[in-house]
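Visitor: So here's structure02.csv (CSV, C-alpha atoms).
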```
chain,number,residue,atom,x,y,z
A,1,MET,CA,60.3,-31.7,-23.7
A,2,THR,CA,57.0,-31.8,-21.9
A,3,LYS,CA,56.9,-29.8,-18.7
A,4,LYS,CA,55.5,-31.7,-15.8
A,5,THR,CA,52.5,-30.2,-14.1
A,6,THR,CA,52.9,-30.0,-10.3
A,7,ARG,CA,50.1,-30.1,-7.7
A,8,PHE,CA,50.9,-26.5,-6.9
A,9,ASP,CA,50.4,-25.4,-10.5
A,10,GLY,CA,47.0,-27.1,-10.5
A,11,ILE,CA,45.9,-25.3,-7.3
A,12,VAL,CA,47.0,-21.9,-8.7
A,13,PHE,CA,45.1,-22.6,-11.9
A,14,ALA,CA,41.9,-23.6,-10.0
A,15,VAL,CA,42.1,-20.4,-7.9
A,16,ILE,CA,42.6,-18.1,-10.9
A,17,PHE,CA,39.8,-19.9,-12.8
A,18,GLY,CA,37.4,-19.6,-9.8
A,19,VAL,CA,38.1,-15.9,-9.4
A,20,VAL,CA,37.6,-15.1,-13.1
A,21,PHE,CA,34.5,-17.2,-13.3
A,22,SER,CA,32.9,-15.5,-10.3
A,23,ILE,CA,33.6,-12.1,-11.8
A,24,LEU,CA,32.2,-13.0,-15.2
A,25,TYR,CA,29.2,-15.0,-13.9
A,26,PRO,CA,28.2,-13.5,-10.4
A,27,ALA,CA,24.6,-14.5,-10.9
A,28,VAL,CA,25.6,-18.1,-11.2
A,29,THR,CA,27.7,-18.2,-8.1
A,30,ASN,CA,25.1,-16.4,-6.0
A,31,ALA,CA,21.9,-17.9,-7.4
A,32,ALA,CA,21.2,-20.2,-4.5
A,33,ASP,CA,21.7,-17.3,-2.0
A,34,ALA,CA,19.3,-15.0,-4.0
A,35,ASP,CA,16.4,-17.5,-3.7
A,36,THR,CA,16.5,-18.1,0.1
A,37,MET,CA,16.6,-16.2,3.3
A,38,THR,CA,16.2,-17.4,6.9
A,39,TYR,CA,14.5,-15.3,9.6
A,40,GLN,CA,17.8,-14.9,11.4
A,41,GLN,CA,19.4,-13.6,8.2
A,42,ALA,CA,16.5,-11.2,7.6
A,43,LYS,CA,16.9,-9.8,11.1
A,44,GLN,CA,20.6,-9.3,10.6
A,45,ARG,CA,20.0,-7.5,7.3
A,46,ILE,CA,18.0,-4.7,9.0
A,47,PRO,CA,20.4,-1.7,8.8
A,48,ASP,CA,21.5,0.2,11.8
A,49,ARG,CA,19.9,3.5,10.8
A,50,ARG,CA,18.1,6.4,12.3
A,51,ILE,CA,14.4,6.3,11.4
A,52,PRO,CA,12.9,9.8,11.9
A,53,LYS,CA,10.3,10.4,14.5
A,54,PHE,CA,7.7,11.3,12.0
A,55,TRP,CA,7.9,7.8,10.5
A,56,ILE,CA,5.2,5.5,11.7
A,57,GLY,CA,6.1,1.8,11.0
A,58,ASP,CA,4.2,0.0,13.7
A,59,VAL,CA,0.7,-0.3,15.2
A,60,ASP,CA,2.0,0.0,18.8
A,61,GLY,CA,0.9,3.4,20.2
A,62,LEU,CA,-1.8,4.1,17.6
A,63,ALA,CA,-4.7,3.6,20.0
A,64,SER,CA,-3.2,6.0,22.5
A,65,ARG,CA,-2.3,8.5,19.8
A,66,PHE,CA,-5.9,8.5,18.5
A,67,LYS,CA,-7.4,8.9,21.9
A,68,LYS,CA,-5.9,12.4,22.0
A,69,LEU,CA,-7.7,13.6,18.9
A,70,THR,CA,-9.8,16.7,19.4
A,71,GLU,CA,-10.9,17.5,15.9
A,72,GLY,CA,-11.3,14.0,14.5
A,73,ASN,CA,-13.4,11.1,15.8
A,74,VAL,CA,-12.0,7.5,16.1
A,75,LYS,CA,-13.7,4.2,16.5
A,76,THR,CA,-12.6,0.5,16.3
A,77,ILE,CA,-14.2,-1.1,13.2
A,78,ALA,CA,-12.7,-4.6,13.6
A,79,ILE,CA,-10.4,-6.8,15.7
A,80,SER,CA,-7.8,-8.8,13.8
A,81,PRO,CA,-7.2,-12.5,14.3
A,82,GLY,CA,-4.2,-11.5,16.3
A,83,GLY,CA,-6.4,-9.4,18.6
A,84,ARG,CA,-5.3,-6.0,17.3
A,85,PRO,CA,-7.8,-3.1,16.8
A,86,MET,CA,-8.4,-1.7,13.3
A,87,HIS,CA,-9.3,2.0,13.4
A,88,LEU,CA,-11.5,4.5,11.5
A,89,VAL,CA,-10.6,8.2,12.0
A,90,THR,CA,-13.1,10.7,10.5
A,91,PHE,CA,-13.1,14.4,10.0
A,92,GLY,CA,-16.1,16.5,8.9
A,93,ARG,CA,-19.8,16.0,9.7
A,94,LYS,CA,-21.7,13.2,8.0
A,95,GLU,CA,-24.5,14.6,5.9
A,96,LYS,CA,-27.8,12.7,6.1
A,97,LEU,CA,-29.1,11.2,2.9
A,98,GLY,CA,-32.0,9.0,2.0
A,99,HIS,CA,-31.1,5.4,1.6
A,100,LYS,CA,-33.6,3.1,-0.1
A,101,ALA,CA,-31.5,0.3,-1.6
A,102,ASN,CA,-28.0,-1.1,-1.6
A,103,PHE,CA,-25.8,0.1,-4.5
A,104,ASN,CA,-26.1,-3.1,-6.6
A,105,SER,CA,-29.8,-3.1,-6.4
A,106,ALA,CA,-30.0,0.7,-7.1
A,107,ILE,CA,-27.9,0.2,-10.3
A,108,GLY,CA,-30.2,-2.7,-11.3
A,109,GLY,CA,-33.1,-0.3,-10.8
A,110,ARG,CA,-31.4,2.3,-13.0
A,111,GLU,CA,-31.5,4.9,-10.2
A,112,PRO,CA,-28.1,5.2,-8.4
A,113,ALA,CA,-29.7,7.9,-6.1
A,114,ALA,CA,-31.9,5.1,-4.6
A,115,TYR,CA,-28.7,4.0,-2.9
A,116,MET,CA,-27.5,7.5,-2.0
A,117,ASN,CA,-28.0,10.8,-3.7
A,118,LYS,CA,-24.4,11.9,-3.5
A,119,ALA,CA,-25.0,15.0,-5.7
A,120,ALA,CA,-27.1,16.4,-2.8
A,121,ARG,CA,-24.1,16.5,-0.5
A,122,LYS,CA,-22.3,19.8,0.1
A,123,LYS,CA,-18.9,18.2,0.7
A,124,PRO,CA,-17.2,15.3,-1.1
A,125,VAL,CA,-16.6,12.1,0.9
A,126,ILE,CA,-13.1,10.5,0.5
A,127,LEU,CA,-12.0,7.2,1.9
A,128,PHE,CA,-8.3,6.4,2.5
A,129,VAL,CA,-7.4,2.7,3.2
A,130,GLY,CA,-4.0,2.2,4.8
A,131,PRO,CA,-1.8,-0.8,4.3
A,132,VAL,CA,-3.6,-4.1,3.9
A,133,HIS,CA,-0.1,-5.4,3.1
A,134,GLY,CA,1.7,-4.9,6.4
A,135,ALA,CA,5.2,-4.2,5.1
A,136,GLU,CA,3.8,-1.3,3.0
A,137,VAL,CA,3.9,1.2,5.9
A,138,GLU,CA,4.5,4.2,3.7
A,139,ALA,CA,0.8,4.7,3.8
A,140,LEU,CA,0.6,4.3,7.6
A,141,THR,CA,3.1,7.0,7.9
A,142,GLY,CA,1.3,9.2,5.4
A,143,LEU,CA,-2.1,8.8,7.0
A,144,VAL,CA,-1.0,9.4,10.6
A,145,ASN,CA,0.8,12.5,9.4
A,146,PHE,CA,-2.4,13.6,7.5
A,147,ILE,CA,-4.4,13.1,10.8
A,148,SER,CA,-1.9,15.3,12.5
A,149,ILE,CA,-2.3,17.9,9.8
A,150,MET,CA,-6.1,17.9,10.2
A,151,GLU,CA,-5.7,18.2,14.0
A,152,SER,CA,-3.0,20.9,14.2
A,153,GLY,CA,-2.1,22.2,10.7
A,154,GLU,CA,1.3,20.5,11.0
A,155,ASP,CA,2.7,17.2,10.0
A,156,LEU,CA,4.8,15.2,12.5
A,157,ARG,CA,8.0,16.9,11.2
A,158,GLY,CA,6.6,20.2,12.5
A,159,LYS,CA,6.1,21.4,9.0
A,160,GLN,CA,3.2,23.7,8.4
A,161,GLN,CA,0.5,22.2,6.1
A,162,ALA,CA,-2.2,24.9,6.2
A,163,LYS,CA,-3.2,24.6,2.6
A,164,LEU,CA,-3.7,20.8,2.8
A,165,ARG,CA,-5.6,21.2,6.0
A,166,ALA,CA,-7.9,23.8,4.4
A,167,LEU,CA,-8.6,21.4,1.5
A,168,GLY,CA,-9.4,18.6,4.0
A,169,GLU,CA,-11.9,20.8,5.8
A,170,GLN,CA,-13.9,21.1,2.6
A,171,CYS,CA,-14.4,17.3,2.6
A,172,ARG,CA,-15.6,14.5,4.8
A,173,LEU,CA,-12.5,12.3,5.4
A,174,LEU,CA,-12.6,8.6,6.2
A,175,ILE,CA,-9.2,7.4,7.2
A,176,ILE,CA,-8.4,3.7,8.0
A,177,PRO,CA,-4.7,3.9,8.8
A,178,ASP,CA,-4.1,0.3,9.7
A,179,GLY,CA,-5.8,-1.9,7.1
A,180,ASN,CA,-4.0,-5.1,8.3
A,181,PRO,CA,-2.7,-4.6,11.9
A,182,ASP,CA,-1.4,-8.2,12.2
A,183,GLY,CA,0.7,-7.8,9.1
A,184,ILE,CA,2.0,-4.4,10.2
A,185,ALA,CA,3.0,-5.8,13.6
A,186,ARG,CA,4.9,-8.6,11.9
A,187,PHE,CA,7.0,-6.1,10.0
A,188,GLU,CA,10.1,-5.9,12.2
A,189,SER,CA,12.2,-3.6,10.1
A,190,ARG,CA,9.6,-0.8,10.3
A,191,SER,CA,10.7,0.5,6.9
A,192,LEU,CA,12.4,-0.9,3.7
A,193,CYS,CA,14.0,2.5,2.9
A,194,GLY,CA,17.6,1.9,2.0
A,195,MET,CA,17.2,-1.9,2.0
A,196,GLU,CA,17.1,-4.3,-1.0
A,197,GLY,CA,14.7,-6.3,-3.1
A,198,ASP,CA,15.3,-9.5,-1.3
A,199,ASP,CA,14.3,-7.8,2.0
A,200,LEU,CA,11.1,-6.7,0.4
A,201,ARG,CA,10.4,-10.3,-0.8
A,202,PHE,CA,11.1,-11.7,2.7
A,203,TRP,CA,9.0,-9.3,4.7
A,204,GLY,CA,6.4,-8.8,2.1
A,205,GLN,CA,5.4,-12.3,0.8
A,206,GLY,CA,7.4,-14.5,3.2
A,207,THR,CA,9.1,-17.8,2.7
A,208,TRP,CA,8.3,-21.5,2.5
A,209,SER,CA,9.6,-23.9,5.1
A,210,ASP,CA,12.8,-24.5,3.2
A,211,ASP,CA,13.5,-20.8,3.4
A,212,THR,CA,12.9,-20.1,-0.3
A,213,PHE,CA,11.0,-16.9,-1.1
A,214,CYS,CA,7.2,-17.3,-1.7
A,215,GLY,CA,7.6,-14.4,-4.2
A,216,TRP,CA,5.1,-12.4,-6.2
A,217,PRO,CA,2.7,-13.4,-7.8
A,218,GLN,CA,3.3,-17.0,-6.6
A,219,SER,CA,2.3,-16.0,-3.0
A,220,LYS,CA,-1.2,-15.3,-4.3
A,221,ARG,CA,-1.6,-18.9,-5.5
A,222,ARG,CA,-2.1,-20.1,-1.9
A,223,HIS,CA,-4.9,-18.5,0.0
A,224,PRO,CA,-5.1,-18.7,3.0
A,225,MET,CA,-1.3,-18.8,3.3
A,226,ALA,CA,-1.2,-21.7,5.8
A,227,GLY,CA,0.2,-25.2,6.0
A,228,ASP,CA,3.3,-27.1,7.2
A,229,ASP,CA,5.3,-25.9,4.2
A,230,VAL,CA,4.9,-22.2,5.1
A,231,GLY,CA,8.0,-20.8,6.8
A,232,PHE,CA,8.0,-17.1,7.7
A,233,LEU,CA,4.4,-15.7,7.2
A,234,GLY,CA,4.9,-12.6,5.1
A,235,CYS,CA,3.3,-9.3,6.1
A,236,TYR,CA,0.8,-9.5,3.2
A,237,PHE,CA,-1.2,-11.7,5.5
A,238,ASN,CA,-3.1,-11.4,8.9
A,239,ASP,CA,-2.3,-14.0,11.6
A,240,LYS,CA,-4.7,-16.5,9.9
A,241,GLY,CA,-2.9,-16.2,6.5
A,242,ILE,CA,-5.6,-14.0,4.9
A,243,ASN,CA,-4.6,-11.3,2.4
A,244,PRO,CA,-7.3,-8.6,2.8
A,245,MET,CA,-6.7,-7.4,-0.7
A,246,HIS,CA,-7.9,-10.8,-2.0
A,247,ASP,CA,-10.4,-11.9,0.6
A,248,GLU,CA,-13.4,-13.9,-0.6
A,249,PHE,CA,-15.7,-10.8,-0.6
A,250,PHE,CA,-18.9,-12.9,-1.0
A,251,ASP,CA,-18.0,-15.2,1.8
A,252,PRO,CA,-15.3,-13.4,3.9
A,253,MET,CA,-12.4,-15.3,5.4
A,254,GLY,CA,-11.0,-12.4,7.5
A,255,PRO,CA,-12.4,-9.4,9.4
A,256,GLU,CA,-10.4,-6.6,7.7
A,257,ALA,CA,-11.9,-6.5,4.2
A,258,PRO,CA,-15.5,-6.7,5.5
A,259,ALA,CA,-14.9,-3.8,7.9
A,260,ILE,CA,-13.4,-1.7,5.1
A,261,LEU,CA,-16.4,-2.5,2.8
A,262,LYS,CA,-18.9,-1.8,5.6
A,263,VAL,CA,-17.4,1.7,6.0
A,264,ALA,CA,-17.7,2.2,2.2
A,265,ALA,CA,-21.3,0.9,2.0
A,266,THR,CA,-22.4,3.1,5.0
A,267,GLU,CA,-20.7,6.3,3.9
A,268,GLY,CA,-20.9,6.1,0.1
A,269,PRO,CA,-17.6,7.8,-0.6
A,270,ASP,CA,-17.1,9.7,-3.9
A,271,LEU,CA,-13.4,8.6,-4.1
A,272,ALA,CA,-11.6,5.7,-2.4
A,273,VAL,CA,-7.9,4.7,-2.5
A,274,SER,CA,-6.2,1.6,-1.3
A,275,LEU,CA,-2.6,2.6,-0.5
A,276,HIS,CA,0.2,0.2,-1.3
A,277,SER,CA,3.9,0.3,-2.0
A,278,HIS,CA,6.4,-1.2,-4.4
A,279,GLU,CA,9.9,-1.0,-5.8
A,280,ASN,CA,9.2,1.5,-8.6
A,281,LYS,CA,8.1,5.1,-9.1
A,282,PRO,CA,4.8,6.3,-7.6
A,283,ALA,CA,1.9,5.0,-9.7
A,284,VAL,CA,-1.8,5.3,-9.8
A,285,LEU,CA,-3.1,2.0,-11.1
A,286,ARG,CA,-6.0,1.3,-13.4
A,287,PRO,CA,-9.1,0.2,-11.4
A,288,ALA,CA,-10.4,-3.1,-12.7
A,289,TYR,CA,-14.1,-4.1,-13.2
A,290,VAL,CA,-15.4,-0.5,-13.0
A,291,THR,CA,-16.9,1.5,-15.8
A,292,VAL,CA,-14.9,3.2,-18.5
A,293,GLU,CA,-16.1,6.6,-17.2
A,294,ILE,CA,-14.7,5.9,-13.8
A,295,GLN,CA,-11.4,4.7,-15.3
A,296,GLN,CA,-11.2,8.0,-17.2
A,297,ASP,CA,-11.9,9.9,-14.0
A,298,ILE,CA,-9.1,8.2,-12.1
A,299,ARG,CA,-6.8,8.7,-15.1
A,300,SER,CA,-7.4,12.5,-14.8
A,301,LEU,CA,-6.7,12.3,-11.1
A,302,ALA,CA,-3.4,10.5,-11.9
A,303,GLU,CA,-2.5,13.3,-14.3
A,304,ARG,CA,-3.1,15.9,-11.6
A,305,CYS,CA,-1.1,13.8,-9.0
A,306,TYR,CA,1.9,13.4,-11.4
A,307,GLY,CA,1.8,17.1,-12.1
A,308,ILE,CA,2.1,17.9,-8.4
A,309,LEU,CA,4.9,15.4,-8.0
A,310,ALA,CA,6.8,16.8,-10.9
A,311,GLU,CA,6.4,20.4,-9.6
A,312,ARG,CA,8.0,19.2,-6.3
A,313,ASP,CA,10.8,17.4,-8.1
A,314,LEU,CA,9.5,14.0,-6.9
A,315,PRO,CA,9.4,10.9,-9.2
A,316,HIS,CA,6.3,9.5,-10.8
A,317,GLY,CA,5.2,6.8,-13.2
A,318,GLY,CA,3.2,7.0,-16.4
A,319,LEU,CA,-0.5,7.2,-17.0
A,320,PHE,CA,-2.4,3.9,-17.4
A,321,GLU,CA,-4.5,3.0,-20.4
A,322,VAL,CA,-8.3,3.0,-20.1
A,323,LYS,CA,-9.5,-0.4,-21.3
A,324,PRO,CA,-12.2,-3.1,-20.8
A,325,GLU,CA,-11.5,-6.3,-18.9
A,326,GLY,CA,-10.3,-9.4,-20.8
A,327,GLY,CA,-7.3,-11.2,-22.1
A,328,GLU,CA,-5.5,-14.4,-21.2
A,329,ASN,CA,-4.6,-13.1,-17.8
A,330,PRO,CA,-7.5,-10.8,-16.7
A,331,SER,CA,-7.1,-8.4,-13.8
A,332,PRO,CA,-8.2,-9.7,-10.4
A,333,PHE,CA,-11.4,-8.5,-8.8
A,334,ASN,CA,-9.8,-7.3,-5.6
A,335,LEU,CA,-10.6,-5.0,-2.7
A,336,THR,CA,-10.3,-1.9,-5.0
A,337,SER,CA,-12.9,-3.4,-7.3
A,338,ALA,CA,-15.2,-4.3,-4.5
A,339,LEU,CA,-15.1,-0.7,-3.2
A,340,TYR,CA,-16.9,0.4,-6.3
A,341,HIS,CA,-19.4,-2.4,-6.4
A,342,ILE,CA,-20.5,-1.8,-2.8
A,343,SER,CA,-20.6,2.0,-2.8
A,344,GLY,CA,-20.3,3.4,-6.3
A,345,ALA,CA,-17.0,5.2,-5.3
A,346,SER,CA,-14.4,6.0,-7.9
A,347,PRO,CA,-11.7,3.6,-6.5
A,348,PHE,CA,-8.0,3.1,-7.3
A,349,THR,CA,-4.8,1.6,-6.0
A,350,PHE,CA,-1.8,3.8,-5.4
A,351,GLU,CA,1.7,2.3,-5.3
A,352,CYS,CA,4.4,4.3,-3.4
A,353,PRO,CA,8.1,3.6,-3.6
A,354,HIS,CA,9.7,1.9,-0.6
A,355,GLY,CA,13.0,3.7,-1.2
A,356,LEU,CA,14.9,0.5,-1.9
A,357,LYS,CA,18.6,1.2,-2.8
A,358,ASP,CA,18.5,-0.9,-5.9
A,359,SER,CA,15.4,0.7,-7.5
A,360,CYS,CA,13.4,4.0,-7.1
A,361,ARG,CA,15.7,5.7,-4.5
A,362,VAL,CA,13.8,8.1,-2.3
A,363,ASN,CA,14.4,9.0,1.3
A,364,PHE,CA,12.0,9.1,4.3
A,365,ASP,CA,11.1,12.8,3.8
A,366,GLN,CA,10.4,12.3,0.1
A,367,ILE,CA,8.2,9.3,0.8
A,368,LEU,CA,6.0,11.4,3.1
A,369,ASP,CA,5.9,14.2,0.6
A,370,ILE,CA,4.8,11.7,-2.1
A,371,GLN,CA,2.0,10.5,0.2
A,372,LEU,CA,0.8,14.1,1.0
A,373,SER,CA,1.0,15.1,-2.6
A,374,LEU,CA,-1.3,12.3,-3.5
A,375,TYR,CA,-3.8,13.3,-0.8
A,376,GLU,CA,-3.7,16.9,-2.1
A,377,ALA,CA,-4.4,15.8,-5.6
A,378,MET,CA,-7.4,13.7,-4.4
A,379,LEU,CA,-8.9,16.5,-2.4
A,380,ARG,CA,-8.5,19.1,-5.2
A,381,HIS,CA,-9.9,16.6,-7.7
A,382,GLU,CA,-13.1,16.0,-5.7
A,383,ILE,CA,-13.6,19.6,-4.5
A,384,GLU,CA,-13.4,20.9,-8.1
A,385,LYS,CA,-15.9,18.2,-9.3
A,386,LYS,CA,-18.3,19.3,-6.6
A,387,LYS,CA,-18.2,22.9,-7.8
A,388,LEU,CA,-19.1,22.0,-11.4
```
Would you write the structure of this file as structure tokens?
Guide:
Amino acid sequence: MTKKTTRFDGIVFAVIFGVVFSILYPAVTNAADADTMTYQQAKQRIPDRRIPKFWIGDVDGLASRFKKLTEGNVKTIAISPGGRPMHLVTFGRKEKLGHKANFNSAIGGREPAAYMNKAARKKPVILFVGPVHGAEVEALTGLVNFISIMESGEDLRGKQQAKLRALGEQCRLLIIPDGNPDGIARFESRSLCGMEGDDLRFWGQGTWSDDTFCGWPQSKRRHPMAGDDVGFLGCYFNDKGINPMHDEFFDPMGPEAPAILKVAATEGPDLAVSLHSHENKPAVLRPAYVTVEIQQDIRSLAERCYGILAERDLPHGGLFEVKPEGGENPSPFNLTSALYHISGASPFTFECPHGLKDSCRVNFDQILDIQLSLYEAMLRHEIEKKKL
């Protein structure tokens, strides 16, 4: 005898099936949610947390902070499309050198010293470029704390940093803490520490008008990031949608990259870093479109940096491979590359972890320690080279 199926039995079966399916295939049931986020949802996802006072996640107050400097000098080097100042803070006297040609022409003339005889300087010159991607405020925090160290010997935690300050005093330091003030100002969560990858995608690269994530690297396939189909403008960009890391350096679209490159061209730094952040462990990236010798120099710096991080029980990535350009997907000629071609600096990009809870998990203090460890490695690297 066949048992008659009731409507109640069908409902029970459907509920059980739905529960089992959602357990076995969560990615399917949540796929639509994972690809979109509204501005209201992004705001609601900002955790109720205590951000420490030493953490600097906004450009508000920077100008007044820098006016109080007594050891360093500050000047405004650009005004962003949003009307915000971009600062250069310097420590150490600039040494006068002869200057007969720009770097490109001097290399063409087979005499780099015609641009600037860097070997004649007593102190190395080091350029630090803070976040050109506004959500990557780990560098802003690091550089403002470094400025405090050079002023007082203490970071903003009140922790003594006499050794780092002594190293800094043996160099001329060029610090641009706010490489994209518009993007930093747009970053409302002030830190991604303890947040998730989708929060990084929203605040970093932004969304299209249908609230889907622009994503990486897709967000670089539209530049400027402008148009009716753009939703939330990610913090990669200034208020005109320009990503300073990928400006058109031969015909600039925004004021930030030209200001950074002008500092480099005028000062001729020995070493230059563009400070970024990502989901993974701290990493020194291979500089593209520079000589093999410079790549090798940066690789040795990376080895020193990773050694310091390991000594302090902090995470780090692996060493990059020195190689020439080429392949089906060649590296971009970006701001880091341009720093070499305008000044002869050994340039590199550093990626610091955000402290996302679903990837490289580090806390606020560890992030600052990672930044300061990198700076120490850079200073020691250049001071030792000068003594050779």
Visitor: Go through A:Lys159, A:His381, A:Lys281, A:Arg286 and flag the residue nearest A:Ala310, using only C-alpha atoms for the distances.
Guide: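 Looking only at the distances to A:Ala310, the closest residue turns out to be A:Lys281.
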Visitor: If we count all atoms listed in the file and set the cut-off at 8 Å, which residues sit around A:Ile56, ignoring sequence neighbours fewer than 2 positions away in its own chain? Please answer as a list in words.
Guide: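 Contacts, in chain order: Lys53, Phe54, Asp58, Val137, Leu140, Thr141, Val144 and Arg190 of chain A.
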Visitor: For A:Thr291, work out the shell of residues within 12 Å, counting only C-alpha atoms and skipping chain neighbours fewer than 2 positions away, then give it as an mmCIF file with C-alpha atoms, keeping the file's coordinate frame.
Guide:
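Wrote selection_9.cif, looks like this:
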```cif
data_model
loop_
_atom_site.group_PDB
_atom_site.id
_atom_site.type_symbol
_atom_site.label_atom_id
_atom_site.label_comp_id
_atom_site.auth_asym_id
_atom_site.auth_seq_id
_atom_site.Cartn_x
_atom_site.Cartn_y
_atom_site.Cartn_z
ATOM 1 C CA ARG A 286 -6.000 1.300 -13.400
ATOM 2 C CA PRO A 287 -9.100 0.200 -11.400
ATOM 3 C CA ALA A 288 -10.400 -3.100 -12.700
ATOM 4 C CA TYR A 289 -14.100 -4.100 -13.200
ATOM 5 C CA GLU A 293 -16.100 6.600 -17.200
ATOM 6 C CA ILE A 294 -14.700 5.900 -13.800
ATOM 7 C CA GLN A 295 -11.400 4.700 -15.300
ATOM 8 C CA GLN A 296 -11.200 8.000 -17.200
ATOM 9 C CA ASP A 297 -11.900 9.900 -14.000
ATOM 10 C CA ILE A 298 -9.100 8.200 -12.100
ATOM 11 C CA VAL A 322 -8.300 3.000 -20.100
ATOM 12 C CA LYS A 323 -9.500 -0.400 -21.300
ATOM 13 C CA PRO A 324 -12.200 -3.100 -20.800
ATOM 14 C CA GLU A 325 -11.500 -6.300 -18.900
ATOM 15 C CA SER A 337 -12.900 -3.400 -7.300
ATOM 16 C CA TYR A 340 -16.900 0.400 -6.300
ATOM 17 C CA HIS A 341 -19.400 -2.400 -6.400
ATOM 18 C CA GLY A 344 -20.300 3.400 -6.300
ATOM 19 C CA ALA A 345 -17.000 5.200 -5.300
ATOM 20 C CA SER A 346 -14.400 6.000 -7.900
ATOM 21 C CA PRO A 347 -11.700 3.600 -6.500
#
```
Visitor: If we count only C-alpha atoms and set the cut-off at 12 Å, which residues sit around A:Leu271, ignoring sequence neighbours fewer than 4 positions away in its own chain? Please answer as number ranges by chain.
Guide: A: 118, 124-129, 171-174, 264, 267, 287, 294, 297-298, 301, 336, 339-340, 343-349, 375, 377-383, 385
Visitor: Please compute the atom CA of A:His223-atom CA of A:Glu248 distance, one decimal, in Å.
Guide: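 Pair atom CA of A:His223 / atom CA of A:Glu248 returns 9.7 Å.
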Visitor: Skipping near chain neighbours, those fewer than 5 positions away, what residues fall within 9 Å of A:Ala166 using only C-alpha atoms, listed as a PyMOL selection string?
Guide: chain A and resi 150+153+161
Visitor: Pick out the residues sitting within 7 Å of stretch 184-189 of chain A, and hand them over as an mmCIF file with C-alpha atoms, keeping the file's coordinate frame; count all atoms listed in the file, and ignore anything fewer than 3 positions along from it in its own chain.
Guide:
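Written out: around.cif:
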```cif
data_model
loop_
_atom_site.group_PDB
_atom_site.id
_atom_site.type_symbol
_atom_site.label_atom_id
_atom_site.label_comp_id
_atom_site.auth_asym_id
_atom_site.auth_seq_id
_atom_site.Cartn_x
_atom_site.Cartn_y
_atom_site.Cartn_z
ATOM 1 C CA ILE A 46 18.000 -4.700 9.000
ATOM 2 C CA ASP A 58 4.200 0.000 13.700
ATOM 3 C CA VAL A 59 0.700 -0.300 15.200
ATOM 4 C CA GLY A 134 1.700 -4.900 6.400
ATOM 5 C CA ALA A 135 5.200 -4.200 5.100
ATOM 6 C CA ASN A 180 -4.000 -5.100 8.300
ATOM 7 C CA PRO A 181 -2.700 -4.600 11.900
ATOM 8 C CA LEU A 192 12.400 -0.900 3.700
ATOM 9 C CA TRP A 203 9.000 -9.300 4.700
ATOM 10 C CA CYS A 235 3.300 -9.300 6.100
#
```
Visitor: For A:Leu309, which residue among A:Ile149, A:Leu200, A:Ile370, A:Val89 is the nearest when counting only C-alpha atoms?
Guide: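 Checking each candidate against A:Leu309, we get A:Ile370 as the closest.
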Visitor: Using atom CA of A:Gly254 and atom CA of A:Met225 as the two end points, give the distance in Å to one decimal.
Guide: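 Straight-line distance from atom CA of A:Gly254 to atom CA of A:Met225 works out to 12.4 Å.
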Visitor: Name the residues, using the chain letters and numbers of the file, that sit within 10 Å of (5.2, 9.1, -17.0) when counting all atoms listed in the file, and give them as a list in words.
Guide: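 Residues found, by chain and rising number: Lys281, Pro282, Ala283, Glu303, Tyr306, Gly307, Ala310, Pro315, His316, Gly317, Gly318, Leu319 and Phe320 of chain A.
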Visitor: When distances are computed from all atoms listed in the file, which of A:Glu321, A:Glu376, A:Glu311, A:Asp182 shows the smallest separation from A:Gly168?
Guide: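 Among the listed residues, the smallest separation from A:Gly168 belongs to A:Glu376.
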Visitor: Would you compute the distance between atom CA of A:Gln41 and atom CA of A:Asp178? Give it in Å to one decimal.
Guide: 27.3 Å
Visitor: A:Leu314, A:Ala162, A:Ala259, A:Ala113: which is nearest A:Ile79, counting all atoms listed in the file?
Guide: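 Answer, going by the shortest atom-to-atom distance: A:Ala259.
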Visitor: Identify which of the residues A:Asp198, A:Asp155, A:Glu256, A:Asp210 lies closest to A:Ala78, counting all atoms listed in the file when measuring atom-to-atom distances.
Guide: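 Closest to A:Ala78, using all atoms listed in the file: A:Glu256.
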Visitor: With all atoms listed in the file as the basis for distance, which of A:Ser64, A:Asn329, A:Asn102, A:Asn243 is at the shortest distance from A:Gly179?
Guide: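 Distance minimum relative to A:Gly179 lands on A:Asn243.
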